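> Pasting my_file27.cif here (mmCIF, C-alpha atoms and all ligand atoms):
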data_target
loop_
_atom_site.label_atom_id
_atom_site.label_comp_id
_atom_site.auth_asym_id
_atom_site.auth_seq_id
_atom_site.Cartn_x
_atom_site.Cartn_y
_atom_site.Cartn_z
CA MET Q 59 100.20 95.22 102.14
CA PRO Q 60 101.60 97.46 99.31
CA ARG Q 61 100.68 94.78 96.74
CA ARG Q 62 97.25 94.30 98.28
CA ILE Q 63 96.59 98.03 98.04
CA ALA Q 64 97.83 98.05 94.44
CA TYR Q 65 95.50 95.12 93.70
CA ASP Q 66 92.47 96.87 95.24
CA VAL Q 67 93.18 100.06 93.29
CA LEU Q 68 93.71 98.15 90.05
CA CYS Q 69 90.30 96.47 90.49
CA GLN Q 70 88.72 99.90 91.05
CA VAL Q 71 90.39 101.50 88.03
CA LEU Q 72 89.87 98.68 85.55
CA GLY Q 73 86.53 97.44 86.91
CA LYS Q 74 84.86 100.69 87.94
CA LYS Q 75 86.81 103.17 85.76
CA ARG Q 76 87.79 105.16 88.84
CA PRO Q 77 90.82 107.49 88.46
CA MET Q 78 93.92 105.86 89.94
CA ASP Q 79 95.03 108.80 92.11
CA GLU Q 80 91.59 109.09 93.66
CA ALA Q 81 91.33 105.34 94.37
CA PHE Q 82 94.89 105.15 95.72
CA ASN Q 83 94.75 108.25 97.93
CA SER Q 84 91.45 107.20 99.49
CA HIS Q 85 92.42 103.57 100.17
CA PRO Q 86 91.47 102.90 103.83
CA HIS Q 87 94.81 101.21 104.64
CA LEU Q 88 97.15 103.62 102.87
CA ASP Q 89 98.15 105.25 106.16
CA LYS Q 90 99.46 101.91 107.43
CA LEU Q 91 102.22 101.88 104.79
CA THR Q 92 105.72 103.21 105.42
CA PRO Q 93 106.74 105.97 102.95
CA LYS Q 94 108.92 103.40 101.14
CA ALA Q 95 106.09 100.86 100.87
CA LYS Q 96 103.72 103.59 99.73
CA SER Q 97 106.00 104.66 96.91
CA PHE Q 98 106.53 101.00 95.89
CA SER Q 99 102.76 100.47 95.77
CA ARG Q 100 102.29 103.59 93.64
CA ALA Q 101 105.16 102.72 91.31
CA LEU Q 102 103.76 99.21 90.90
CA LEU Q 103 100.38 100.62 89.92
CA THR Q 104 101.75 103.18 87.49
CA THR Q 105 104.03 100.57 85.88
CA THR Q 106 101.13 98.12 85.53
CA MET Q 107 98.92 100.81 83.96
CA ARG Q 108 101.65 102.04 81.63
CA HIS Q 109 102.30 98.54 80.30
CA LYS Q 110 98.89 96.94 80.73
CA GLY Q 111 98.34 96.24 77.03
CA PHE Q 112 101.63 94.41 76.65
CA ILE Q 113 101.23 92.62 80.02
CA ASP Q 114 97.80 91.38 78.90
CA HIS Q 115 99.33 90.16 75.66
CA LEU Q 116 101.83 88.06 77.65
CA ILE Q 117 99.15 86.73 79.99
CA ASN Q 118 96.77 85.87 77.13
CA GLU Q 119 99.50 83.79 75.48
CA CYS Q 120 99.52 81.63 78.63
CA LEU Q 121 95.77 81.22 79.12
CA GLU Q 122 93.52 78.83 77.20
CA LYS Q 123 90.50 80.80 78.31
CA ARG Q 124 90.24 84.05 80.23
CA PRO Q 125 88.51 83.97 83.62
CA LYS Q 126 84.98 85.40 83.49
CA GLY Q 127 82.75 87.39 85.87
CA ALA Q 128 84.13 88.11 89.35
CA ALA Q 129 87.03 85.72 88.66
CA ARG Q 130 88.39 88.26 86.17
CA ASP Q 131 90.03 90.06 89.09
CA ILE Q 132 92.55 87.23 89.33
CA LEU Q 133 94.03 88.77 86.18
CA ASN Q 134 94.97 91.77 88.30
CA VAL Q 135 97.10 89.55 90.56
CA MET Q 136 98.85 88.28 87.43
CA ARG Q 137 99.23 91.79 85.96
CA LEU Q 138 100.95 93.04 89.11
CA GLY Q 139 103.24 90.00 89.04
CA VAL Q 140 104.22 90.52 85.39
CA ALA Q 141 104.83 94.25 85.94
CA GLN Q 142 107.31 93.41 88.71
CA LEU Q 143 109.02 90.65 86.72
CA TYR Q 144 109.29 92.51 83.45
CA PHE Q 145 109.59 96.16 84.29
CA MET Q 146 110.57 96.52 87.95
CA HIS Q 147 113.27 93.87 88.11
CA VAL Q 148 111.95 92.31 91.31
CA PRO Q 149 113.55 88.84 91.72
CA ALA Q 150 111.27 86.07 90.39
CA HIS Q 151 111.19 84.11 93.67
CA ALA Q 152 109.88 87.18 95.51
CA VAL Q 153 107.27 87.91 92.82
CA LEU Q 154 106.04 84.29 92.82
CA SER Q 155 105.74 83.96 96.57
CA GLU Q 156 104.08 87.39 97.00
CA ALA Q 157 101.62 86.50 94.21
CA GLN Q 158 100.70 83.30 96.10
CA ILE Q 159 100.09 85.25 99.31
CA LEU Q 160 98.00 87.84 97.46
CA THR Q 161 95.96 85.16 95.66
CA GLY Q 162 95.03 83.69 99.04
CA ARG Q 163 94.27 87.05 100.63
CA VAL Q 164 91.88 88.10 97.88
CA ASP Q 165 90.01 84.78 98.12
CA PHE Q 166 91.11 83.18 94.89
CA MET Q 167 92.64 80.04 96.47
CA GLN Q 168 91.50 77.90 93.55
CA TYR Q 169 93.68 79.95 91.16
CA LYS Q 170 96.94 79.60 93.08
CA LYS Q 171 98.31 76.98 90.70
CA LEU Q 172 97.27 78.92 87.61
CA VAL Q 173 98.83 82.18 88.86
CA ASN Q 174 102.04 80.33 89.63
CA ALA Q 175 102.13 78.62 86.22
CA VAL Q 176 101.47 81.83 84.28
CA LEU Q 177 104.10 83.87 86.13
CA ARG Q 178 106.69 81.06 85.92
CA ARG Q 179 106.16 80.73 82.18
CA ILE Q 180 106.37 84.48 81.58
CA ASP Q 181 109.52 84.67 83.67
CA ARG Q 182 111.08 81.76 81.72
CA GLU Q 183 110.15 83.16 78.33
CA GLN Q 184 111.39 86.63 79.26
CA ALA Q 185 114.93 85.40 78.80
CA GLU Q 186 114.10 83.69 75.48
CA LYS Q 187 111.85 86.15 73.66
CA GLU Q 188 112.69 89.73 72.85
CA PHE Q 189 110.02 92.24 71.88
CA ALA Q 190 110.73 95.39 69.89
CA PRO Q 191 109.90 98.60 71.82
CA ALA Q 192 107.54 99.60 68.98
CA PHE Q 193 105.58 96.35 69.46
CA ILE Q 194 105.35 96.85 73.23
CA ALA Q 195 104.41 100.51 72.78
CA GLU Q 196 101.59 99.85 70.34
CA LYS Q 197 100.12 97.06 72.50
CA ASN Q 198 99.88 99.55 75.38
CA ILE Q 199 97.56 101.94 73.56
CA PRO Q 200 93.90 100.92 73.12
CA ILE Q 201 93.08 100.30 69.44
CA TRP Q 202 90.47 103.08 69.16
CA LEU Q 203 92.99 105.58 70.46
CA ILE Q 204 96.02 104.67 68.39
CA GLU Q 205 93.80 104.49 65.29
CA SER Q 206 92.60 108.03 66.01
CA TRP Q 207 96.23 109.21 66.23
CA LYS Q 208 97.13 107.41 63.01
CA ASN Q 209 94.22 109.13 61.27
CA ALA Q 210 95.20 112.53 62.65
CA TYR Q 211 99.00 112.44 62.44
CA GLY Q 212 99.99 109.45 60.30
CA GLU Q 213 101.44 106.02 61.13
CA GLU Q 214 104.95 107.16 62.06
CA ALA Q 215 103.87 110.01 64.36
CA ALA Q 216 101.31 107.76 66.09
CA GLN Q 217 104.04 105.22 66.78
CA ALA Q 218 106.31 107.93 68.15
CA ILE Q 219 103.50 109.03 70.49
CA ALA Q 220 103.02 105.42 71.65
CA LEU Q 221 106.78 105.09 72.25
CA ALA Q 222 106.75 108.27 74.35
CA HIS Q 223 104.30 106.49 76.68
CA LEU Q 224 106.79 103.75 77.59
CA LYS Q 225 108.81 106.01 79.84
CA GLU Q 226 108.01 108.10 82.85
CA PRO Q 227 107.85 111.70 81.57
CA PRO Q 228 110.35 114.29 82.81
CA LEU Q 229 109.54 116.91 85.40
CA ASP Q 230 109.43 120.45 84.02
CA ILE Q 231 109.19 123.56 86.15
CA THR Q 232 108.42 127.19 85.33
CA PRO Q 233 110.57 129.81 87.12
CA LYS Q 234 108.47 132.68 88.48
CA TYR Q 235 110.73 135.17 86.74
CA ASN Q 236 112.09 134.30 83.28
CA ASP Q 237 115.42 135.95 84.02
CA GLU Q 238 115.99 133.55 86.94
CA ALA Q 239 115.92 130.41 84.74
CA ALA Q 240 119.71 130.05 84.65
CA ILE Q 241 119.98 130.41 88.44
CA TRP Q 242 117.38 127.74 89.12
CA ALA Q 243 118.69 125.40 86.42
CA LYS Q 244 122.08 125.51 88.11
CA ARG Q 245 120.75 125.15 91.66
CA LEU Q 246 118.50 122.24 90.77
CA ASN Q 247 120.87 120.58 88.33
CA GLY Q 248 118.34 120.98 85.51
CA GLU Q 249 118.43 121.89 81.85
CA ILE Q 250 116.90 125.08 80.40
CA LEU Q 251 114.51 124.30 77.53
CA PRO Q 252 114.06 126.64 74.53
CA ASN Q 253 110.79 128.02 75.99
CA GLY Q 254 112.45 128.93 79.31
CA SER Q 255 111.14 125.95 81.31
CA ILE Q 256 113.64 123.93 83.34
CA ARG Q 257 113.74 120.14 83.00
CA LEU Q 258 114.76 118.38 86.20
CA PRO Q 259 116.24 114.94 86.71
CA ILE Q 260 113.46 112.46 87.64
CA GLY Q 261 113.16 111.38 91.29
CA GLY Q 262 112.90 112.93 94.72
CA ARG Q 263 110.11 114.77 96.45
CA ILE Q 264 109.20 118.03 94.72
CA GLU Q 265 108.29 119.73 98.00
CA GLU Q 266 111.82 119.17 99.27
CA LEU Q 267 113.54 120.83 96.32
CA ASP Q 268 115.25 124.19 96.73
CA GLY Q 269 112.96 127.09 95.83
CA TYR Q 270 109.65 125.19 95.98
CA GLY Q 271 108.68 126.35 99.46
CA ASN Q 272 109.31 130.03 98.79
CA GLY Q 273 107.53 129.89 95.44
CA SER Q 274 110.45 130.62 93.11
CA TRP Q 275 109.01 128.12 90.60
CA TRP Q 276 106.12 125.75 90.05
CA VAL Q 277 105.67 122.41 88.31
CA GLN Q 278 104.32 122.84 84.78
CA ASP Q 279 104.98 120.83 81.65
CA ALA Q 280 106.91 122.82 79.02
CA ALA Q 281 104.10 122.50 76.44
CA ALA Q 282 101.51 123.75 78.94
CA THR Q 283 103.32 127.09 79.20
CA HIS Q 284 102.69 127.93 75.52
CA PRO Q 285 99.00 129.03 75.56
CA VAL Q 286 99.68 132.04 77.82
CA THR Q 287 102.37 133.29 75.41
CA LEU Q 288 99.71 133.47 72.66
CA LEU Q 289 98.01 136.28 74.60
CA GLY Q 290 101.01 138.55 73.95
CA ASP Q 291 101.89 141.26 76.48
CA VAL Q 292 99.39 140.95 79.33
CA LYS Q 293 101.02 143.42 81.73
CA GLY Q 294 98.33 145.63 83.30
CA LYS Q 295 95.55 143.96 81.30
CA THR Q 296 92.43 142.36 82.74
CA VAL Q 297 92.58 138.64 81.95
CA LEU Q 298 89.77 136.18 82.63
CA ASP Q 299 91.32 132.78 83.31
CA LEU Q 300 88.56 130.23 82.69
CA CYS Q 301 88.86 126.68 84.04
CA ALA Q 302 91.80 127.94 86.02
CA ALA Q 303 92.50 125.38 88.73
CA PRO Q 304 95.01 124.25 89.96
CA GLY Q 305 96.49 127.44 88.55
CA GLY Q 306 99.60 126.76 86.44
CA LYS Q 307 98.49 129.33 83.89
CA THR Q 308 97.06 131.68 86.54
CA MET Q 309 100.54 131.90 88.08
CA GLN Q 310 102.10 132.53 84.67
CA LEU Q 311 99.63 135.35 83.96
CA ALA Q 312 99.98 136.93 87.40
CA ALA Q 313 103.79 136.75 87.23
CA LEU Q 314 103.62 138.58 83.89
CA GLY Q 315 101.72 141.42 85.57
CA ALA Q 316 98.15 140.68 84.42
CA ASN Q 317 95.13 141.49 86.60
CA VAL Q 318 93.75 137.98 86.69
CA THR Q 319 90.26 136.75 87.51
CA ALA Q 320 90.49 132.99 87.88
CA VAL Q 321 87.27 130.96 87.60
CA ASP Q 322 86.70 127.26 88.17
CA LYS Q 323 83.82 125.17 89.43
CA SER Q 324 85.87 122.77 91.55
CA THR Q 325 86.25 123.85 95.17
CA ASN Q 326 88.99 121.27 95.80
CA ARG Q 327 91.01 122.28 92.79
CA LEU Q 328 90.61 125.98 93.62
CA LYS Q 329 91.96 125.26 97.10
CA LYS Q 330 95.11 124.03 95.37
CA LEU Q 331 95.15 127.19 93.23
CA GLU Q 332 94.93 129.33 96.36
CA GLU Q 333 97.82 127.42 97.94
CA ASN Q 334 99.85 127.86 94.75
CA LEU Q 335 99.24 131.61 94.70
CA ALA Q 336 100.09 131.92 98.41
CA ARG Q 337 103.32 129.95 97.96
CA THR Q 338 104.42 131.99 94.94
CA HIS Q 339 103.28 135.33 96.47
CA LEU Q 340 101.17 136.03 93.37
CA LYS Q 341 97.67 137.51 93.25
CA ALA Q 342 94.44 136.78 91.41
CA ASP Q 343 90.72 137.21 92.10
CA ILE Q 344 89.27 133.75 92.54
CA LEU Q 345 85.67 132.78 91.76
CA THR Q 346 84.07 129.40 92.35
CA LYS Q 347 81.53 129.32 89.52
CA ASP Q 348 80.10 126.91 86.99
CA LEU Q 349 80.81 128.50 83.63
CA MET Q 350 77.75 126.87 82.13
CA GLU Q 351 75.68 129.29 84.26
CA TRP Q 352 77.86 132.18 85.46
CA GLU Q 353 78.06 135.49 83.56
CA PRO Q 354 80.63 138.21 84.37
CA ASP Q 355 79.37 141.77 84.83
CA CYS Q 356 82.08 143.35 82.65
CA GLU Q 357 84.16 142.56 79.56
CA PHE Q 358 87.85 141.62 79.78
CA ASP Q 359 90.90 142.63 77.73
CA ALA Q 360 91.79 138.96 77.20
CA ILE Q 361 90.50 135.49 78.04
CA LEU Q 362 92.27 132.18 78.49
CA LEU Q 363 90.00 129.15 78.20
CA ASP Q 364 91.85 126.00 79.28
CA ALA Q 365 88.87 123.80 78.63
CA PRO Q 366 88.17 120.43 80.28
CA CYS Q 367 89.11 117.71 77.80
CA THR Q 368 89.85 114.01 77.35
CA ALA Q 369 93.48 114.82 78.31
CA THR Q 370 94.87 112.27 75.84
CA GLY Q 371 97.99 114.45 75.58
CA THR Q 372 98.94 113.71 79.19
CA LEU Q 373 98.35 109.95 79.33
CA ARG Q 374 102.06 109.26 79.85
CA ARG Q 375 101.65 111.06 83.20
CA HIS Q 376 98.32 109.38 83.98
CA PRO Q 377 98.48 105.99 82.22
CA ASP Q 378 95.33 104.77 84.03
CA GLY Q 379 93.46 107.08 81.62
CA LEU Q 380 94.43 104.72 78.79
CA TRP Q 381 92.03 102.18 80.29
CA THR Q 382 89.31 104.39 81.72
CA LYS Q 383 88.62 106.65 78.73
CA LYS Q 384 86.49 105.66 75.75
CA SER Q 385 86.02 107.05 72.27
CA ASP Q 386 82.54 108.44 73.14
CA ASP Q 387 84.21 110.78 75.66
CA ILE Q 388 85.64 112.83 72.78
CA ARG Q 389 82.22 113.89 71.45
CA ALA Q 390 80.93 114.62 74.95
CA MET Q 391 83.97 116.79 75.76
CA ALA Q 392 83.83 118.59 72.41
CA ASP Q 393 80.21 119.56 73.14
CA ILE Q 394 81.21 121.07 76.49
CA GLN Q 395 84.22 122.86 74.96
CA GLY Q 396 82.08 124.34 72.16
CA THR Q 397 79.54 125.65 74.69
CA LEU Q 398 82.19 127.12 77.00
CA TRP Q 399 83.98 128.84 74.13
CA HIS Q 400 80.73 130.25 72.78
CA ARG Q 401 79.82 131.64 76.22
CA ALA Q 402 83.32 133.13 76.66
CA SER Q 403 83.11 134.82 73.24
CA ARG Q 404 80.69 137.39 74.72
CA TRP Q 405 82.97 138.30 77.61
CA VAL Q 406 85.99 139.71 75.77
CA LYS Q 407 86.23 143.36 74.62
CA THR Q 408 86.20 144.15 70.90
CA GLY Q 409 89.85 143.96 69.79
CA GLY Q 410 90.61 141.56 72.65
CA THR Q 411 92.02 138.03 72.36
CA ILE Q 412 90.72 134.65 73.48
CA VAL Q 413 93.16 131.77 73.73
CA TYR Q 414 91.46 128.38 73.65
CA CYS Q 415 93.55 125.38 74.65
CA THR Q 416 93.32 121.72 75.67
CA CYS Q 417 95.78 118.96 76.56
CA SER Q 418 94.02 116.60 74.15
CA LEU Q 419 95.54 114.99 71.07
CA GLN Q 420 92.13 114.58 69.46
CA PRO Q 421 91.47 117.00 66.55
CA GLU Q 422 87.79 117.16 67.58
CA GLU Q 423 88.95 119.06 70.68
CA GLY Q 424 91.51 121.14 68.80
CA GLU Q 425 91.74 121.87 65.07
CA LEU Q 426 88.12 120.94 64.32
CA MET Q 427 86.87 122.91 67.30
CA VAL Q 428 88.55 126.09 65.96
CA LYS Q 429 87.00 125.58 62.53
CA ALA Q 430 83.55 125.20 64.08
CA PHE Q 431 84.07 128.23 66.34
CA LEU Q 432 85.16 130.52 63.49
CA LYS Q 433 82.29 129.30 61.31
CA GLY Q 434 79.77 130.13 64.02
CA HIS Q 435 81.35 133.43 65.14
CA ALA Q 436 81.85 135.84 62.24
CA ASN Q 437 83.05 138.54 64.67
CA PHE Q 438 86.25 136.57 65.44
CA GLU Q 439 89.38 135.93 63.39
CA GLN Q 440 92.28 133.57 64.03
CA ILE Q 441 95.63 135.11 64.99
CA GLY Q 442 98.63 133.20 63.62
CA ASP Q 443 98.93 129.43 63.40
CA VAL Q 444 97.52 126.94 65.83
CA TYR Q 445 99.95 125.41 68.34
CA ARG Q 446 99.97 121.63 68.26
CA ASN Q 447 102.48 119.67 70.32
CA LEU Q 448 102.76 115.88 70.31
CA PRO Q 449 104.04 114.06 73.43
CA GLY Q 450 107.78 113.47 73.39
CA ALA Q 451 110.93 115.43 74.10
CA GLY Q 452 109.06 118.75 73.73
CA GLY Q 453 106.54 118.02 76.48
CA ASP Q 454 102.96 116.80 76.75
CA GLY Q 455 100.41 116.73 73.95
CA PHE Q 456 98.85 120.17 73.73
CA PHE Q 457 96.70 122.34 71.49
CA ALA Q 458 96.22 126.11 71.58
CA VAL Q 459 94.92 128.83 69.31
CA ALA Q 460 94.35 132.58 69.65
CA VAL Q 461 91.34 134.36 68.15
CA LYS Q 462 90.59 138.10 68.12
CA ARG Q 463 87.18 139.72 68.53
CA THR Q 464 86.75 142.11 65.60
CA SER Q 465 83.34 143.57 66.39
C1 LIG Q 501 92.50 121.46 82.13
S1 LIG Q 501 91.97 121.77 83.74
C2 LIG Q 501 92.58 123.39 84.00
C3 LIG Q 501 94.08 123.49 84.27
C4 LIG Q 501 94.50 124.92 84.68
N1 LIG Q 501 94.10 125.91 83.71
C5 LIG Q 501 95.98 125.05 84.91
O1 LIG Q 501 96.69 125.60 84.07
O2 LIG Q 501 96.44 124.61 85.97
C6 LIG Q 501 90.27 122.04 83.48
C7 LIG Q 501 89.49 122.66 84.63
O3 LIG Q 501 88.17 122.93 84.15
C8 LIG Q 501 87.32 122.96 85.27
N2 LIG Q 501 85.93 122.93 84.78
C9 LIG Q 501 85.33 121.95 84.06
N3 LIG Q 501 84.07 122.29 83.75
C10 LIG Q 501 83.85 123.52 84.28
C11 LIG Q 501 82.73 124.40 84.32
N4 LIG Q 501 81.58 124.08 83.75
N5 LIG Q 501 82.86 125.57 84.97
C12 LIG Q 501 84.03 125.92 85.57
N6 LIG Q 501 85.11 125.12 85.58
C13 LIG Q 501 85.03 123.94 84.94
C14 LIG Q 501 87.77 121.76 86.07
O4 LIG Q 501 87.38 121.86 87.41
C15 LIG Q 501 89.29 121.81 85.87
O5 LIG Q 501 89.89 122.44 86.97
#
Rewrite the structure of this file - the entire thing - as structure tokens.

Amino acid sequence: MPRRIAYDVLCQVLGKKRPMDEAFNSHPHLDKLTPKAKSFSRALLTTTMRHKGFIDHLINECLEKRPKGAARDILNVMRLGVAQLYFMHVPAHAVLSEAQILTGRVDFMQYKKLVNAVLRRIDREQAEKEFAPAFIAEKNIPIWLIESWKNAYGEEAAQAIALAHLKEPPLDITPKYNDEAAIWAKRLNGEILPNGSIRLPIGGRIEELDGYGNGSWWVQDAAATHPVTLLGDVKGKTVLDLCAAPGGKTMQLAALGANVTAVDKSTNRLKKLEENLARTHLKADILTKDLMEWEPDCEFDAILLDAPCTATGTLRRHPDGLWTKKSDDIRAMADIQGTLWHRASRWVKTGGTIVYCTCSLQPEEGELMVKAFLKGHANFEQIGDVYRNLPGAGGDGFFAVAVKRTS
């Protein structure tokens, strides 16, 4: 059952470009799995997504011609098998027999022999051939994407980004009060990072960790904490938090003493924001509004615009995005970001600051967006340098910039 669910979800993600979490969480048989089977199924999916490019390379070496049409889904049975053999250290006999059962269950009886032959060969060659991590890493990133990173950051940096995608990223948390970082680092056996975040050892259920239930901290990647710091001292100021849900930055702002108005168009995501505020005993005014239409009735001291984006800076957390996103998405997102930023530019007081940020690695959604904004808005000037973080030890890929309204 856990492999069957993983297979169904894989077909949805790769065939229909559906986000993995959504397809997995809404699978009709998910409730039938034990917690252990559920976490195996999820780990199998994430591992397959993370290494899909390299797995396909191995499979292609074994196939004279790739199955076409509906038969292409048999590749997903093979992908799950290779992920277990190569990256999850499941014994070969178990992988082979489970793959045979799955092949029958998903009505591909005629491919049983082929699946067996491919997996046997890959298992045999695993012991004979060694692949450099850089080779595996680059295979796992779609060509259009790694080329865009090479153009933006150079060959070496693009390879380092690809390498960062091989591993599960660490779990960073933000303590509600900065001066409690040492206490929580000690209690949770974590490490304090230079920005004050705490990096926890991977594994375990977050909800069960000390301090989660009473809201002493929340999960937030270290790089994602930076944009709020660009607003300077927000204590007592009115801050409009645009695209706020699920509220990582809302909690930061509220904990720093800002009077926050948090706006987002997603009811579901705002529900999560409300839960987060309730758990952390923090306050904000919450508005469910589409920012393409809504207008506030007053100006704010500061604005944070955490715009929707291609999220290519967080693909190591959501590796299914590697295979569901396409290069055209960048232009489409940049258009939305430009419009949202332009609309927000009228809602900040003269002398006030807007911080624009995205978790995208694409310059079109970062550096080039700032240039275009400043060119079209003579009443704004940039404050300081832009913040650009690449995925790796310092956190997710992130971009942020602060601009000040001068008139
Ligand atoms: C990057 S996420 C925000 C993350 C959040 N700021 C945090 O720190 O937890 C982008 C958000 O933009 C919201 N969004 C996208 N388009 C929007 C629109 N037109 N109006 C309002 N919210 C929008 C999405 O619902 C999503 O919650």
> Give the answer as one residue: which of Q:Trp399, Q:Trp207, Q:Trp275, Q:Phe431 has the shortest atom-to-atom distance to Tyr235 (chain Q), using all atoms listed in the file?
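Ranking Q:Trp399, Q:Trp207, Q:Trp275, Q:Phe431 by distance to Tyr235 (chain Q), first place goes to Q:Trp275.
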> Check every protein, DNA and RNA residue against ligand LIG 501 (chain Q), keep those with an atom at most 7 Å away (counting only C-alpha atoms and all ligand atoms), and present them as a list in words.
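So the residues close to ligand LIG 501 (chain Q) are Leu300, Cys301, Ala302, Ala303, Pro304, Gly305, Gly306, Lys307, Thr308, Val321, Asp322, Lys323, Ser324, Arg327, Lys347, Asp348, Leu349, Met350, Asp364, Ala365, Pro366, Cys367, Thr416 and Cys417 of chain Q.
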> Hey, can I get the axis-aligned box for region 343-362 of chain Q? All listed atoms, 4 Å padding on each side, centre and edge lengths in Å to one decimal, as JSON.

{"center_x": 84.0, "center_y": 135.1, "center_z": 84.9, "size_x": 24.6, "size_y": 24.5, "size_z": 23.3}
> Rank Q:Asp343, Q:Asp237, Q:Glu422, Q:Asp131 by their smallest atom-to-atom distance to Cys69 (chain Q), using only C-alpha atoms, and report the top residue only.
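For Cys69 (chain Q), the nearest of the candidates is Q:Asp131.
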> Neighbours of region 186-202 of chain Q within 12 Å (all atoms listed in the file; same-chain residues fewer than 5 positions away dropped), as JSON, numbers by chain?
{"Q": [105, 106, 107, 108, 109, 110, 111, 112, 113, 114, 115, 116, 144, 145, 179, 180, 181, 207, 208, 209, 213, 214, 215, 216, 217, 218, 219, 220, 221, 222, 223, 224, 225, 370, 373, 374, 377, 378, 379, 380, 381, 382, 383, 384, 385, 386, 387, 388, 420]}
> Pick out the closest residue to Val153 (chain Q) from this set: Q:Thr232, Q:Asn174, Q:Gln440, Q:Asn83. Count only C-alpha atoms.
Q:Asn174
> Please list, as a list of chain:residue names, the residues that have an atom at most 10 Å away from (81.8, 136.4, 77.1) in the coordinates of this file, counting only C-alpha atoms.
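Counting only C-alpha atoms, I find these residues within 10 Å of (81.8, 136.4, 77.1): Q:Leu298, Q:Glu353, Q:Pro354, Q:Asp355, Q:Cys356, Q:Glu357, Q:Phe358, Q:Ile361, Q:Leu398, Q:Trp399, Q:His400, Q:Arg401, Q:Ala402, Q:Ser403, Q:Arg404, Q:Trp405, Q:Val406, Q:Lys407, Q:Ile412.
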> Tell me, in Å to one decimal, how far CA of Met146 (chain Q) is from CA of Leu177 (chain Q).
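These atoms are spaced 14.3 Å apart.
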> Do you have the CA of Thr296 (chain Q)-CA of Glu423 (chain Q) distance handy?
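CA of Thr296 (chain Q) sits 26.5 Å away from CA of Glu423 (chain Q).
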> Which of these, Q:Ile241, Q:Val292, Q:Ile132, Q:Ile344, has the shortest distance to Lys170 (chain Q) once you count all atoms listed in the file?
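Of Q:Ile241, Q:Val292, Q:Ile132, Q:Ile344, the one nearest Lys170 (chain Q), counting all atoms listed in the file, is Q:Ile132.
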> Gly409 (chain Q): which residues within 10 Å, counting only C-alpha atoms, same-chain residues fewer than 3 positions away excluded, as a PyMOL selection string?
chain Q and resi 359-360+406+438+461-465
> CA of Ala141 (chain Q) and CA of Thr104 (chain Q) are how many Å apart?
9.6 Å
> Point out the residue among Q:Ser206, Q:Thr411, Q:Gln310, Q:Asn253 with the least atom-to-atom distance to Gly290 (chain Q), counting all atoms listed in the file.
Q:Thr411
> Which residues are close to Glu238 (chain Q), i.e. within 12 Å by all atoms listed in the file, leaving aside same-chain residues fewer than 3 positions away? Reply as a count of residues only.
16
> So, counting all atoms listed in the file, which residue among Q:Val277, Q:Leu432, Q:Val67, Q:Met391 is closest to Ser99 (chain Q)?
Q:Val67
> Taking 4 positions as the minimum chain separation for residues in the same chain, which residues sit within 9 Å of Leu258 (chain Q) when counting all atoms listed in the file? Answer as JSON, numbers by chain.
{"Q": [228, 229, 230, 231, 243, 246, 247, 248, 249]}
> Could you name the residues that touch Glu122 (chain Q) at 12 Å or less, counting only C-alpha atoms, but leaving out those on the same chain fewer than 4 positions away, as an MDAnalysis selection string?
chainID Q and resid 117:118 172 176
